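Asks: Let me give you the structure first, and then I'll get to my questions.
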Amino acid sequence: MALFHFGIDKAPPSDASTSISEASRVVQSPLTLVMTLRSPEDFQVLHKRIKEIQSAPPERNPIWVALDKLKIVHFARFVFLENNTKLAIITTYDGSFDDYLNEFIDEIGDVFNVLLQHMKDAPPLPVQRNRGAFRDYIKANDLGGIAPFYSAYPQATVLDIQAALSQT
């Protein structure tokens, strides 16, 4: 409890504003996209399809191939939530939301076309021809987060990290 309790008569530590200021310069951004599935049958179909994609070797997994090519995504994962009635796509990426979304559409728009056909209130498909509607849908279904966003390496992009690792 002491970790989060500053006490009613005590202010937060004086370095708290410095930490928040430094955190605002983080180059990574989070996306927590939570979409509602249309039906239990849609869950069954989608679960099977995602497992097929994710079980492919990395060099044949269209998501991994695209993410490796983009070189802006730190982490990405799928999670079914609320008794398999929702699908979350959780990522951490470099750059602006619009650049990230456009690169995703260009590289794996077809994967989103497959996913979205099983979602309630999905934007018109294909996403490649409906970028604005897709963007609005993603924004409306992104849970966001409570700022600031923590990063162990706040100014390091995927490219910076890969370059540092290749030197070791």
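A note on labels: chains of the structure tokens are A, B, ... as shown, every chain counts residues from 1, and ligands are counted from 1 in their shown order.
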Residues near region 158-167 of chain A, anyone? I mean within 8 Å using only C-alpha atoms, not counting same-chain ones fewer than 3 positions away, as a PyMOL selection string.

Replies: chain A and resi 71-74+94

Asks: Just asking: which residues within region 80-118 of chain A are alpha helix (DSSP H) according to DSSP, as a ChimeraX atom specification?

Replies: /A:97-116

Asks: Excluding region 141-157 of chain A and its own-chain neighbours fewer than 5 positions away, which residues fall within 12 Å of it when counting only C-alpha atoms? Please give them as a ChimeraX atom specification.

Replies: /A:16-36,70-75,86-95,97,119-123,134-136,162-164

Asks: Which residues come within 10 Å of Glu103 (chain A), counting only C-alpha atoms, excluding same-chain residues fewer than 4 positions away, as a ChimeraX atom specification?

Replies: /A:66-67,70,72,97-99,107-109

Asks: Find, counting only C-alpha atoms, the residue in A:Val79, A:Thr85, A:Ile63, A:Ile105 that gets nearest to His118 (chain A).

Replies: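 Nearest to His118 (chain A): A:Thr85.
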
Asks: Do you have the CA of Gln44 (chain A)-CA of Asn83 (chain A) distance handy?

Replies: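 Computed distance, CA of Gln44 (chain A) to CA of Asn83 (chain A), equals 12.1 Å.
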